[in-house]
file query_2.txt (compact mmCIF, C-alpha atoms and all ligand atoms)
# COMPACT_ATOMS: atom_id res chain seq x y z
CA MET A 136 0.00 0.00 0.00
CA GLN A 137 1.14 3.57 -0.72
CA ILE A 138 -0.02 6.31 1.63
CA PRO A 139 1.17 9.82 0.82
CA PHE A 140 1.97 12.28 3.61
CA HIS A 141 -0.89 14.40 2.35
CA ARG A 142 -3.68 14.25 -0.23
CA PRO A 143 -5.84 17.36 -0.79
CA TYR A 144 -9.58 16.81 -0.44
CA ILE A 145 -10.95 18.09 -3.75
CA THR A 146 -14.49 17.17 -4.82
CA ASP A 147 -16.83 18.18 -7.66
CA GLU A 148 -17.87 21.16 -5.54
CA GLU A 149 -14.38 22.68 -5.79
CA ILE A 150 -14.08 21.72 -9.46
CA ASN A 151 -17.44 23.29 -10.34
CA GLU A 152 -16.64 26.53 -8.51
CA VAL A 153 -13.41 26.84 -10.46
CA ILE A 154 -15.20 26.06 -13.74
CA ASP A 155 -17.71 28.77 -12.83
CA SER A 156 -14.86 31.28 -12.47
CA LEU A 157 -13.38 30.24 -15.79
CA LYS A 158 -16.73 30.39 -17.58
CA LYS A 159 -17.52 33.82 -16.16
CA GLY A 160 -14.14 34.96 -17.45
CA TRP A 161 -13.10 36.71 -14.25
CA ILE A 162 -9.97 34.87 -13.17
CA THR A 163 -8.09 37.38 -11.03
CA MET A 164 -9.34 38.98 -7.82
CA GLY A 165 -13.02 39.81 -8.07
CA LYS A 166 -16.44 38.91 -6.73
CA LYS A 167 -15.55 35.40 -5.57
CA THR A 168 -12.70 36.81 -3.50
CA ILE A 169 -14.99 39.40 -1.89
CA ASP A 170 -17.46 36.58 -1.19
CA PHE A 171 -14.74 34.33 0.24
CA GLU A 172 -13.48 37.12 2.53
CA SER A 173 -17.00 37.79 3.74
CA LYS A 174 -17.78 34.13 4.46
CA PHE A 175 -14.39 33.59 6.09
CA LYS A 176 -14.90 36.63 8.35
CA ASP A 177 -18.34 35.32 9.35
CA TYR A 178 -16.97 31.85 10.04
CA ILE A 179 -14.12 33.16 12.24
CA GLY A 180 -16.27 35.84 13.85
CA SER A 181 -13.69 38.55 13.13
CA LYS A 182 -14.48 42.11 12.06
CA ASN A 183 -12.23 42.02 8.97
CA ALA A 184 -10.73 39.39 6.67
CA ILE A 185 -8.37 40.30 3.83
CA ALA A 186 -7.40 37.65 1.25
CA VAL A 187 -3.78 37.50 0.10
CA ASN A 188 -1.73 35.09 -1.99
CA SER A 189 -0.01 33.39 0.98
CA CYS A 190 0.26 33.36 4.75
CA THR A 191 3.81 34.66 4.32
CA ALA A 192 2.43 37.71 2.47
CA GLY A 193 -0.19 38.06 5.21
CA LEU A 194 2.44 38.08 7.96
CA HIS A 195 4.52 40.58 5.99
CA LEU A 196 1.56 42.93 5.55
CA ALA A 197 0.58 42.52 9.22
CA LEU A 198 4.07 43.74 10.17
CA ARG A 199 3.73 46.63 7.69
CA ALA A 200 0.35 47.50 9.21
CA ILE A 201 1.77 47.86 12.73
CA GLY A 202 4.76 49.79 11.35
CA LEU A 203 7.73 47.48 12.06
CA LYS A 204 11.05 49.27 11.46
CA GLU A 205 14.67 48.39 10.77
CA GLY A 206 16.47 47.39 13.96
CA ASP A 207 13.29 46.33 15.78
CA GLU A 208 13.12 42.91 17.43
CA VAL A 209 10.36 40.35 16.96
CA ILE A 210 9.84 37.31 19.18
CA VAL A 211 9.23 34.04 17.31
CA PRO A 212 9.51 30.34 18.26
CA ALA A 213 12.88 28.72 17.47
CA THR A 214 11.11 25.83 15.77
CA THR A 215 8.64 26.97 13.11
CA PHE A 216 8.41 27.17 9.35
CA VAL A 217 10.96 29.68 8.05
CA ALA A 218 8.21 32.07 6.88
CA THR A 219 7.53 33.22 10.46
CA ALA A 220 11.06 34.66 10.77
CA GLU A 221 11.68 35.46 7.09
CA VAL A 222 9.07 38.25 7.13
CA VAL A 223 10.93 39.89 10.05
CA ASN A 224 14.12 39.89 7.97
CA TYR A 225 12.28 41.76 5.16
CA PHE A 226 12.42 44.83 7.47
CA LYS A 227 16.07 44.33 8.53
CA ALA A 228 14.52 43.70 11.94
CA LYS A 229 15.76 40.81 14.12
CA PRO A 230 13.92 37.56 14.82
CA VAL A 231 14.53 36.75 18.49
CA LEU A 232 14.11 33.00 18.93
CA ILE A 233 12.45 31.42 21.95
CA ASP A 234 12.65 27.71 22.71
CA ILE A 235 9.51 25.56 22.48
CA GLU A 236 7.87 23.28 25.05
CA LYS A 237 8.85 19.60 25.02
CA ASP A 238 5.31 18.21 25.11
CA THR A 239 3.32 20.73 22.99
CA HIS A 240 6.07 22.15 20.71
CA LEU A 241 4.54 25.60 21.37
CA ILE A 242 6.57 28.73 22.12
CA ASP A 243 7.53 28.56 25.82
CA ALA A 244 5.74 31.62 27.20
CA SER A 245 7.78 31.46 30.42
CA LYS A 246 10.96 32.17 28.40
CA ILE A 247 9.67 35.22 26.50
CA GLU A 248 10.09 37.94 29.12
CA GLU A 249 13.85 37.43 29.60
CA LYS A 250 14.39 38.12 25.87
CA ILE A 251 12.46 41.40 25.78
CA THR A 252 14.56 44.54 25.20
CA PRO A 253 13.63 48.18 24.46
CA LYS A 254 13.78 47.20 20.76
CA THR A 255 11.14 44.46 21.03
CA LYS A 256 8.00 45.39 19.08
CA VAL A 257 6.04 42.24 18.31
CA ILE A 258 5.42 38.68 19.50
CA ILE A 259 4.48 36.13 16.82
CA PRO A 260 3.44 32.82 18.37
CA VAL A 261 2.76 29.84 16.10
CA HIS A 262 -0.21 27.58 16.81
CA PHE A 263 1.88 24.51 16.10
CA SER A 264 0.07 21.58 14.48
CA GLY A 265 -3.21 23.43 15.11
CA GLN A 266 -2.94 23.73 18.89
CA PRO A 267 -3.34 27.35 20.07
CA ALA A 268 -0.32 28.82 21.87
CA ASP A 269 -0.59 30.08 25.48
CA MET A 270 -2.70 33.10 24.58
CA ASP A 271 -3.44 34.44 28.09
CA GLU A 272 0.22 34.40 29.11
CA ILE A 273 1.38 35.97 25.84
CA LEU A 274 -1.36 38.62 25.90
CA GLU A 275 -0.31 39.58 29.41
CA ILE A 276 3.33 39.99 28.35
CA ALA A 277 2.27 41.96 25.25
CA LYS A 278 0.19 44.30 27.41
CA LYS A 279 2.90 44.71 30.06
CA TYR A 280 5.59 45.68 27.51
CA ASN A 281 3.28 47.38 25.01
CA LEU A 282 4.01 44.90 22.20
CA TYR A 283 1.94 43.97 19.17
CA PHE A 284 0.58 40.44 19.03
CA ILE A 285 0.48 38.82 15.59
CA GLU A 286 -0.54 35.17 15.29
CA ASP A 287 0.92 32.73 12.78
CA ALA A 288 -2.24 30.65 12.37
CA ALA A 289 -1.03 28.72 9.31
CA HIS A 290 -2.01 25.48 11.10
CA ALA A 291 -4.94 26.70 13.15
CA LEU A 292 -8.06 26.66 11.00
CA PRO A 293 -10.20 25.92 12.90
CA ALA A 294 -8.87 25.99 16.46
CA TRP A 295 -10.16 27.29 19.78
CA TYR A 296 -8.46 28.75 22.84
CA LYS A 297 -10.87 28.41 25.75
CA ASP A 298 -14.12 29.61 24.13
CA LYS A 299 -12.48 31.83 21.50
CA LYS A 300 -11.81 30.90 17.90
CA ILE A 301 -8.29 31.56 16.62
CA GLY A 302 -8.46 34.65 14.41
CA THR A 303 -10.23 36.84 16.96
CA ILE A 304 -7.67 37.12 19.78
CA GLY A 305 -4.40 38.80 18.71
CA ASP A 306 -3.99 42.16 16.95
CA LEU A 307 -3.68 40.46 13.56
CA THR A 308 -3.85 36.79 12.55
CA ALA A 309 -2.50 35.19 9.35
CA PHE A 310 -3.89 31.93 7.93
CA SER A 311 -2.43 29.77 5.14
CA PHE A 312 -4.27 28.04 2.29
CA TYR A 313 -1.14 26.33 0.95
CA ALA A 314 -1.71 22.96 -0.75
CA THR A 315 -1.23 20.85 2.40
CA LYS A 316 -3.02 23.10 4.88
CA THR A 317 -6.46 22.51 6.45
CA LEU A 318 -8.15 24.70 3.85
CA ALA A 319 -6.24 24.40 0.59
CA THR A 320 -6.48 26.66 -2.45
CA GLY A 321 -3.07 25.72 -3.87
CA GLU A 322 -1.55 28.96 -2.64
CA GLY A 323 -3.34 31.56 -0.57
CA GLY A 324 -3.79 33.20 2.79
CA MET A 325 -6.05 35.44 4.87
CA VAL A 326 -5.44 38.10 7.48
CA THR A 327 -8.05 38.79 10.17
CA THR A 328 -8.13 41.79 12.46
CA GLU A 329 -10.60 43.74 14.59
CA LYS A 330 -9.01 47.04 13.62
CA ASP A 331 -10.48 48.63 10.46
CA GLU A 332 -7.48 50.91 9.98
CA TRP A 333 -5.08 47.95 9.70
CA ALA A 334 -7.51 46.08 7.45
CA GLU A 335 -7.70 49.06 5.10
CA LYS A 336 -3.93 49.44 5.02
CA ILE A 337 -3.47 45.74 4.21
CA ARG A 338 -6.11 45.95 1.45
CA ILE A 339 -4.18 48.80 -0.15
CA LEU A 340 -0.72 47.25 0.31
CA ARG A 341 -1.73 43.88 -1.15
CA LEU A 342 -2.33 45.52 -4.54
CA HIS A 343 0.52 47.95 -5.30
CA GLY A 344 -0.66 50.55 -2.79
CA ILE A 345 -3.48 51.50 -5.15
CA SER A 346 -6.27 53.37 -3.41
CA LYS A 347 -9.07 51.36 -5.02
CA ASP A 348 -9.15 47.64 -5.81
CA ALA A 349 -8.45 46.92 -9.47
CA TRP A 350 -11.50 44.73 -9.76
CA LYS A 351 -13.61 47.77 -8.97
CA ARG A 352 -11.68 49.74 -11.59
CA TYR A 353 -12.79 47.31 -14.25
CA SER A 354 -16.38 46.90 -13.06
CA LYS A 355 -19.37 49.00 -14.12
CA GLU A 356 -19.15 51.34 -11.15
CA GLY A 357 -15.38 51.77 -11.47
CA SER A 358 -13.26 54.05 -13.60
CA TRP A 359 -9.76 53.99 -15.12
CA GLU A 360 -8.46 56.47 -12.60
CA TYR A 361 -6.60 55.54 -9.46
CA ASP A 362 -4.01 56.89 -7.06
CA VAL A 363 -1.02 55.12 -5.48
CA ILE A 364 -0.87 56.08 -1.82
CA GLU A 365 1.65 53.53 -0.46
CA ASN A 366 4.58 51.56 -1.87
CA GLY A 367 2.73 48.27 -2.03
CA TYR A 368 3.12 44.69 -3.21
CA LYS A 369 1.63 42.20 -5.65
CA TYR A 370 0.07 40.06 -2.91
CA ASN A 371 -3.54 39.78 -4.08
CA THR A 372 -5.20 36.42 -4.59
CA THR A 373 -7.30 35.34 -7.60
CA ASP A 374 -10.93 34.30 -8.03
CA ILE A 375 -9.73 30.85 -9.13
CA ASN A 376 -8.10 30.37 -5.70
CA SER A 377 -11.09 31.93 -3.97
CA ALA A 378 -13.42 29.54 -5.83
CA LEU A 379 -11.51 26.67 -4.21
CA GLY A 380 -11.63 28.52 -0.88
CA LEU A 381 -15.41 28.95 -0.99
CA ALA A 382 -15.96 25.26 -1.66
CA GLN A 383 -13.41 24.22 0.98
CA LEU A 384 -14.93 26.53 3.62
CA ASN A 385 -18.27 24.67 3.29
CA LYS A 386 -16.61 21.42 4.38
CA LEU A 387 -14.03 22.87 6.77
CA GLU A 388 -15.59 21.55 9.98
CA TRP A 389 -16.28 18.17 8.45
CA MET A 390 -12.62 17.94 7.36
CA TRP A 391 -11.53 18.96 10.88
CA LYS A 392 -13.70 16.21 12.42
CA GLU A 393 -12.13 13.70 10.01
CA ARG A 394 -8.61 14.68 11.12
CA GLU A 395 -9.65 14.61 14.77
CA LYS A 396 -10.97 11.08 14.26
CA ILE A 397 -7.64 9.97 12.80
CA ALA A 398 -5.70 11.64 15.65
CA ASN A 399 -7.88 9.81 18.19
CA LEU A 400 -7.27 6.47 16.46
CA TYR A 401 -3.49 7.09 16.41
CA ASN A 402 -3.53 8.20 20.07
CA LYS A 403 -5.48 5.11 21.10
CA ALA A 404 -3.17 2.77 19.19
CA PHE A 405 0.09 4.30 20.48
CA THR A 406 -0.91 4.89 24.12
CA GLY A 407 1.12 2.65 26.42
CA CYS A 408 3.85 2.02 23.85
CA GLU A 409 6.96 3.13 25.73
CA GLU A 410 9.04 3.56 22.55
CA LEU A 411 6.68 6.35 21.43
CA ILE A 412 5.95 9.76 22.99
CA LEU A 413 2.50 11.13 22.27
CA TYR A 414 1.95 14.78 21.43
CA LYS A 415 0.10 16.69 24.14
CA VAL A 416 -2.82 19.05 23.61
CA LYS A 417 -3.55 21.23 26.65
CA GLU A 418 -6.98 20.89 28.24
CA ASP A 419 -8.33 24.37 27.60
CA ARG A 420 -7.88 24.31 23.81
CA ILE A 421 -9.06 22.50 20.69
CA SER A 422 -6.63 21.64 17.92
CA SER A 423 -7.32 21.70 14.19
CA TRP A 424 -5.06 18.62 13.99
CA HIS A 425 -3.32 19.97 10.89
CA LEU A 426 -0.41 17.74 11.87
CA TYR A 427 -0.03 14.58 13.90
CA PRO A 428 3.43 14.89 15.49
CA LEU A 429 4.74 11.70 17.08
CA LYS A 430 8.05 11.51 18.94
CA LEU A 431 10.29 8.46 19.21
CA ASN A 432 11.74 7.48 22.55
CA ILE A 433 15.10 6.98 20.82
CA GLU A 434 16.76 5.72 24.00
CA ALA A 435 14.44 2.68 23.78
CA LEU A 436 15.13 2.06 20.06
CA LYS A 437 18.09 0.78 18.05
CA ILE A 438 17.38 3.16 15.15
CA ASP A 439 17.23 6.94 14.98
CA ARG A 440 14.48 9.23 13.69
CA ASN A 441 15.85 9.35 10.12
CA GLN A 442 16.08 5.55 9.91
CA PHE A 443 12.54 5.29 11.26
CA ILE A 444 11.35 7.58 8.43
CA GLU A 445 13.23 5.39 5.91
CA GLU A 446 11.57 2.25 7.31
CA LEU A 447 8.13 3.85 6.95
CA LYS A 448 8.99 5.03 3.43
CA ASN A 449 10.07 1.50 2.43
CA ARG A 450 6.66 0.30 3.57
CA GLY A 451 4.91 2.98 1.49
CA VAL A 452 4.07 5.42 4.29
CA GLY A 453 4.88 9.07 3.56
CA THR A 454 5.89 11.22 6.53
CA SER A 455 7.49 14.60 7.17
CA VAL A 456 9.34 16.52 9.89
CA HIS A 457 7.94 19.74 11.36
CA PHE A 458 10.21 21.63 11.65
CA ILE A 459 13.96 21.97 11.25
CA PRO A 460 14.77 24.58 13.94
CA LEU A 461 15.59 27.97 12.41
CA TYR A 462 19.04 28.33 14.06
CA ARG A 463 20.18 25.20 12.17
CA PHE A 464 19.85 26.90 8.76
CA SER A 465 22.91 28.42 7.05
CA TYR A 466 21.27 31.82 6.57
CA TYR A 467 20.43 32.09 10.26
CA LYS A 468 23.90 30.87 11.27
CA ASN A 469 25.50 33.44 8.97
CA HIS A 470 23.36 36.40 9.99
CA PHE A 471 22.68 35.95 13.71
CA ASN A 472 24.55 34.57 16.68
CA TYR A 473 22.01 32.15 18.13
CA LYS A 474 23.38 29.60 20.60
CA VAL A 475 22.18 26.00 20.45
CA GLU A 476 22.32 25.84 24.27
CA ASP A 477 19.35 28.23 24.34
CA PHE A 478 17.20 25.75 22.44
CA LEU A 479 17.60 22.40 24.15
CA ASN A 480 13.93 21.46 23.84
CA SER A 481 13.95 22.29 20.11
CA GLU A 482 16.99 20.03 19.69
CA TRP A 483 15.42 17.25 21.77
CA ILE A 484 12.20 17.37 19.73
CA PHE A 485 13.99 17.64 16.38
CA GLU A 486 15.92 14.43 17.09
CA ARG A 487 12.69 12.54 17.80
CA VAL A 488 9.75 13.96 15.87
CA ILE A 489 7.90 12.56 12.85
CA SER A 490 4.66 13.84 11.31
CA LEU A 491 2.35 10.98 10.32
CA PRO A 492 -0.21 11.27 7.49
CA ILE A 493 -3.46 12.89 8.67
CA PHE A 494 -5.93 14.14 6.07
CA PRO A 495 -9.66 13.93 5.32
CA GLY A 496 -10.45 11.11 2.94
CA MET A 497 -7.85 8.83 4.54
CA ASN A 498 -9.76 5.57 4.93
CA LEU A 499 -9.72 3.13 7.84
CA GLU A 500 -7.58 0.67 5.93
CA GLU A 501 -4.96 3.38 5.35
CA ILE A 502 -5.07 4.56 8.99
CA ASN A 503 -4.65 0.99 10.23
CA TYR A 504 -1.81 0.39 7.79
CA VAL A 505 0.09 3.37 9.24
CA ILE A 506 -0.59 2.20 12.81
CA GLU A 507 0.44 -1.41 12.12
CA ASN A 508 3.66 -0.38 10.45
CA VAL A 509 4.67 2.11 13.15
CA ILE A 510 4.11 -0.59 15.78
CA ASP A 511 5.85 -3.24 13.70
CA ILE A 512 8.96 -1.04 13.24
CA VAL A 513 8.98 -0.30 16.98
CA LYS A 514 8.82 -4.05 17.76
CA LYS A 515 11.56 -4.86 15.26
CA TYR A 516 14.00 -2.25 16.61
CA LYS A 517 13.20 -2.02 20.30
CA ARG A 518 16.17 -2.34 22.65
C1 LIG A 601 2.83 26.90 5.85
C2 LIG A 601 3.31 27.83 6.91
C3 LIG A 601 3.50 29.20 6.67
C4 LIG A 601 3.49 29.81 5.31
O1 LIG A 601 2.31 29.66 4.63
P1 LIG A 601 2.25 30.07 3.08
O2 LIG A 601 0.79 30.22 2.82
O3 LIG A 601 2.88 28.96 2.32
O4 LIG A 601 2.99 31.35 2.94
C5 LIG A 601 3.80 30.01 7.75
N1 LIG A 601 3.95 29.51 8.97
C6 LIG A 601 3.80 28.20 9.25
C7 LIG A 601 3.97 27.72 10.64
C8 LIG A 601 3.50 27.32 8.21
O5 LIG A 601 3.41 26.00 8.45
call {"tool": "encode", "arguments": {"input": "query_2.txt", "output": "structure tokens", "more": "lines below"}}
Ligand SMILES: *Cc1c(COP(=O)(O)O)cnc(C)c1O
result
Amino acid sequence: MQIPFHRPYITDEEINEVIDSLKKGWITMGKKTIDFESKFKDYIGSKNAIAVNSCTAGLHLALRAIGLKEGDEVIVPATTFVATAEVVNYFKAKPVLIDIEKDTHLIDASKIEEKITPKTKVIIPVHFSGQPADMDEILEIAKKYNLYFIEDAAHALPAWYKDKKIGTIGDLTAFSFYATKTLATGEGGMVTTEKDEWAEKIRILRLHGISKDAWKRYSKEGSWEYDVIENGYKYNTTDINSALGLAQLNKLEWMWKEREKIANLYNKAFTGCEELILYKVKEDRISSWHLYPLKLNIEALKIDRNQFIEELKNRGVGTSVHFIPLYRFSYYKNHFNYKVEDFLNSEWIFERVISLPIFPGMNLEEINYVIENVIDIVKKYKR
């Protein structure tokens, strides 16, 4: 059997929405995007939602909205996808890395305060694997030091912290619709915020800093005339992507339930196996289960994490690793002086972690095949 790490869940609904866009002949940003933004905003319960062409673009524009400057410092987790820190570098600002927690892989809120300096402007937590970060603790620190709070919610659609949905808590929140994410449009992203002024600024910046959206320019009520009021970017999405987004939004909660079901089956099967370390979700939050991270108790095994991945691959099971810690990359070694000793949990997790396949449409036979093979490899190589 061959089980890929991920398979997007695309049905006739998505296909027909895209065909509708193509037949109408409006293939860049237009009515479907406006509709997608509106439905997304209603689903999240946020005041504003602005569609962009990636979460990375969304994080960049969020930092532009709050006015990040050269030399500023931004707090990010040491283990995240590179995009979280890359956008800070766009400003010649400095990503200040904080170690993550051993059991949740979330930014360790208790280690943030000691890294705050007069230059610190923003905290960007990542809701790793779909589990919300420690929002109360981070909000308190942000308030105490007058910092902005921008959420990297690339994994967290949908996710809840206490009774609040992610996308309504921080100053600005960026979601990803990349091919493997929980709502997939190929490429895409969305920024939510309660503040109209930031929303307006992001709307302008996403399309060259033009004062009116181009789609309005070309519609009946629009005109050829426009002004450029900011130095902006080409970060708008298209109606083809938004067509996929509209169809995916309709089945978002069903897809989440499907992933949750798979996570529960994995958890049940691996509980009590001392060679494996289960990922912990804290009690007061609900995960989107974008990822299923599983750690190996390598002290109890004769093979390492990489060999375990090879074994699974040889049996047809696709996996991945989330993430290579940022300070391990050449660029970050060459440009900053991070010290590995500051990130012992990141190192510990990186040596042990594997992401197993978890996606809607994965059938019981496939789920059981993954479980059986993980357990079989453990049995074969246990010390
Ligand atoms: C995928 C991802 C991003 C980037 O999303 P894009 O839409 O591809 O730009 C950012 N942060 C994290 C944690 C991610 O996993």
call {"tool": "atom_distance", "arguments": {"input": "query_2.txt", "atom1": "atom CA of Asp234 of chain A", "atom2": "atom CA of Asn480 of chain A"}}
result
6.5 Å
call {"tool": "residues_around", "arguments": {"input": "query_2.txt", "residues": "segment 148-153 of chain A", "least_positions_apart": "4", "cutoff": "12 Å", "atoms": "all atoms listed in the file", "output": "list in words"}}
result
Pro143, Tyr144, Leu157, Lys158, Lys159, Gly160, Trp161, Ile162, Thr163, Lys167, Phe171, Leu318, Ala319, Thr320, Gly321, Thr373, Asp374, Ile375, Asn376, Ser377, Ala378, Leu379, Gly380, Leu381, Ala382, Gln383, Leu384, Asn385 and Lys386 of chain A
call {"tool": "residues_around", "arguments": {"input": "query_2.txt", "residues": "segment 212-227 of chain A", "least_positions_apart": "6", "cutoff": "6 Å", "atoms": "only C-alpha atoms", "output": "list in words"}}
result
Thr191, His195, Glu205, Ile233, Asp234, Ile242, Phe458, Pro460 and Leu461 of chain A
call {"tool": "atom_distance", "arguments": {"input": "query_2.txt", "atom1": "atom CA of Ile201 of chain A", "atom2": "atom CA of Thr315 of chain A"}}
result
29.1 Å
call {"tool": "residues_near_point", "arguments": {"input": "query_2.txt", "point": "(-7.6, 24.6, 14.0)", "cutoff": "8 Å", "atoms": "all atoms listed in the file", "output": "JSON, numbers by chain"}}
result
{"A": [265, 266, 267, 290, 291, 292, 293, 294, 295, 301, 317, 391, 421, 422, 423, 424, 425]}
call {"tool": "atom_distance", "arguments": {"input": "query_2.txt", "atom1": "atom CA of Asn498 of chain A", "atom2": "atom C3 of ligand LIG 601 (chain A)"}}
result
27.2 Å
call {"tool": "closest_residue", "arguments": {"input": "query_2.txt", "among": "A:Lys517, A:Lys448, A:Lys415, A:His240", "to": "ligand LIG 601 (chain A)", "atoms": "only C-alpha atoms and all ligand atoms"}}
result
A:His240
call {"tool": "residues_around", "arguments": {"input": "query_2.txt", "residues": "segment 175-184 of chain A", "least_positions_apart": "5", "cutoff": "6 Å", "atoms": "all atoms listed in the file", "output": "VMD selection string"}}
result
chain A and resid 303 326 to 329
call {"tool": "residues_near_ligand", "arguments": {"input": "query_2.txt", "ligand": "ligand LIG 601 (chain A)", "cutoff": "8 Å", "atoms": "all atoms listed in the file", "output": "ChimeraX atom specification"}}
result
/A:188-193,215-219,261-263,287-290,310-313,316,322-324
call {"tool": "closest_residue", "arguments": {"input": "query_2.txt", "among": "A:Met325, A:Val231, A:Ala435, A:Ile247", "to": "Thr372 of chain A", "atoms": "all atoms listed in the file"}}
result
A:Met325
call {"tool": "axis_aligned_box", "arguments": {"input": "query_2.txt", "around": "segment 402-408 of chain A", "padding_each_side": "8 Å", "output": "AutoDock Vina command-line options"}}
result
--center_x -0.8 --center_y 5.1 --center_z 22.8 --size_x 25.3 --size_y 22.2 --size_z 23.2
call {"tool": "residues_around", "arguments": {"input": "query_2.txt", "residues": "Glu434 of chain A", "least_positions_apart": "5", "cutoff": "12 Å", "atoms": "all atoms listed in the file", "output": "ChimeraX atom specification"}}
result
/A:409-412,439-440,483,486-487,516-518
call {"tool": "write_last_selection", "arguments": {"input": "query_2.txt", "atoms": "C-alpha atoms", "output": "CSV table (one decimal), in the frame of the given file"}}
result
chain,number,residue,atom,x,y,z
A,409,GLU,CA,7.0,3.1,25.7
A,410,GLU,CA,9.0,3.6,22.6
A,411,LEU,CA,6.7,6.4,21.4
A,412,ILE,CA,6.0,9.8,23.0
A,439,ASP,CA,17.2,6.9,15.0
A,440,ARG,CA,14.5,9.2,13.7
A,483,TRP,CA,15.4,17.2,21.8
A,486,GLU,CA,15.9,14.4,17.1
A,487,ARG,CA,12.7,12.5,17.8
A,516,TYR,CA,14.0,-2.2,16.6
A,517,LYS,CA,13.2,-2.0,20.3
A,518,ARG,CA,16.2,-2.3,22.6
call {"tool": "closest_residue", "arguments": {"input": "query_2.txt", "among": "A:Leu342, A:Leu429, A:Leu307, A:Ala228", "to": "Tyr414 of chain A", "atoms": "all atoms listed in the file"}}
result
A:Leu429
call {"tool": "closest_residue", "arguments": {"input": "query_2.txt", "among": "A:Met136, A:Ile339, A:Leu447, A:Leu198", "to": "Val363 of chain A", "atoms": "only C-alpha atoms"}}
result
A:Ile339
call {"tool": "closest_residue", "arguments": {"input": "query_2.txt", "among": "A:Phe478, A:Ile493, A:Lys336, A:Gly451", "to": "Asp243 of chain A", "atoms": "all atoms listed in the file"}}
result
A:Phe478
call {"tool": "residues_around", "arguments": {"input": "query_2.txt", "residues": "Asp298 of chain A", "least_positions_apart": "2", "cutoff": "9 Å", "atoms": "all atoms listed in the file", "output": "JSON, numbers by chain"}}
result
{"A": [295, 296, 300, 419, 420]}
call {"tool": "decode", "arguments": {"input": "query_2.txt", "residues": "segment 256-270 of chain A", "atoms": "N, CA and C atoms", "output": "CSV table (one decimal), in the first residue's frame"}}
result
chain,number,residue,atom,x,y,z
A,256,LYS,N,9.2,44.7,19.5
A,256,LYS,CA,8.0,45.4,19.1
A,256,LYS,C,6.8,44.4,19.0
A,257,VAL,N,7.1,43.2,18.7
A,257,VAL,CA,6.0,42.2,18.3
A,257,VAL,C,6.3,40.8,18.9
A,258,ILE,N,5.3,40.1,19.2
A,258,ILE,CA,5.4,38.7,19.5
A,258,ILE,C,4.6,37.9,18.4
A,259,ILE,N,5.2,37.0,17.8
A,259,ILE,CA,4.5,36.1,16.8
A,259,ILE,C,4.5,34.7,17.3
A,260,PRO,N,3.5,34.2,18.0
A,260,PRO,CA,3.4,32.8,18.4
A,260,PRO,C,2.9,32.0,17.2
A,261,VAL,N,3.2,30.7,17.1
A,261,VAL,CA,2.8,29.8,16.1
A,261,VAL,C,1.9,28.8,16.8
A,262,HIS,N,0.7,28.6,16.2
A,262,HIS,CA,-0.2,27.6,16.8
A,262,HIS,C,0.2,26.2,16.2
A,263,PHE,N,1.3,25.7,16.7
A,263,PHE,CA,1.9,24.5,16.1
A,263,PHE,C,0.9,23.3,16.0
A,264,SER,N,0.9,22.8,14.8
A,264,SER,CA,0.1,21.6,14.5
A,264,SER,C,-1.4,21.8,14.6
A,265,GLY,N,-1.8,23.1,15.0
A,265,GLY,CA,-3.2,23.4,15.1
A,265,GLY,C,-3.6,23.7,16.5
A,266,GLN,N,-2.7,23.5,17.5
A,266,GLN,CA,-2.9,23.7,18.9
A,266,GLN,C,-2.6,25.2,19.2
A,267,PRO,N,-3.6,26.0,19.7
A,267,PRO,CA,-3.3,27.4,20.1
A,267,PRO,C,-2.2,27.5,21.1
A,268,ALA,N,-1.4,28.5,20.9
A,268,ALA,CA,-0.3,28.8,21.9
A,268,ALA,C,-0.9,29.4,23.2
A,269,ASP,N,-0.1,29.6,24.2
A,269,ASP,CA,-0.6,30.1,25.5
A,269,ASP,C,-1.0,31.5,25.4
A,270,MET,N,-2.2,31.7,24.9
A,270,MET,CA,-2.7,33.1,24.6
A,270,MET,C,-2.8,34.0,25.8
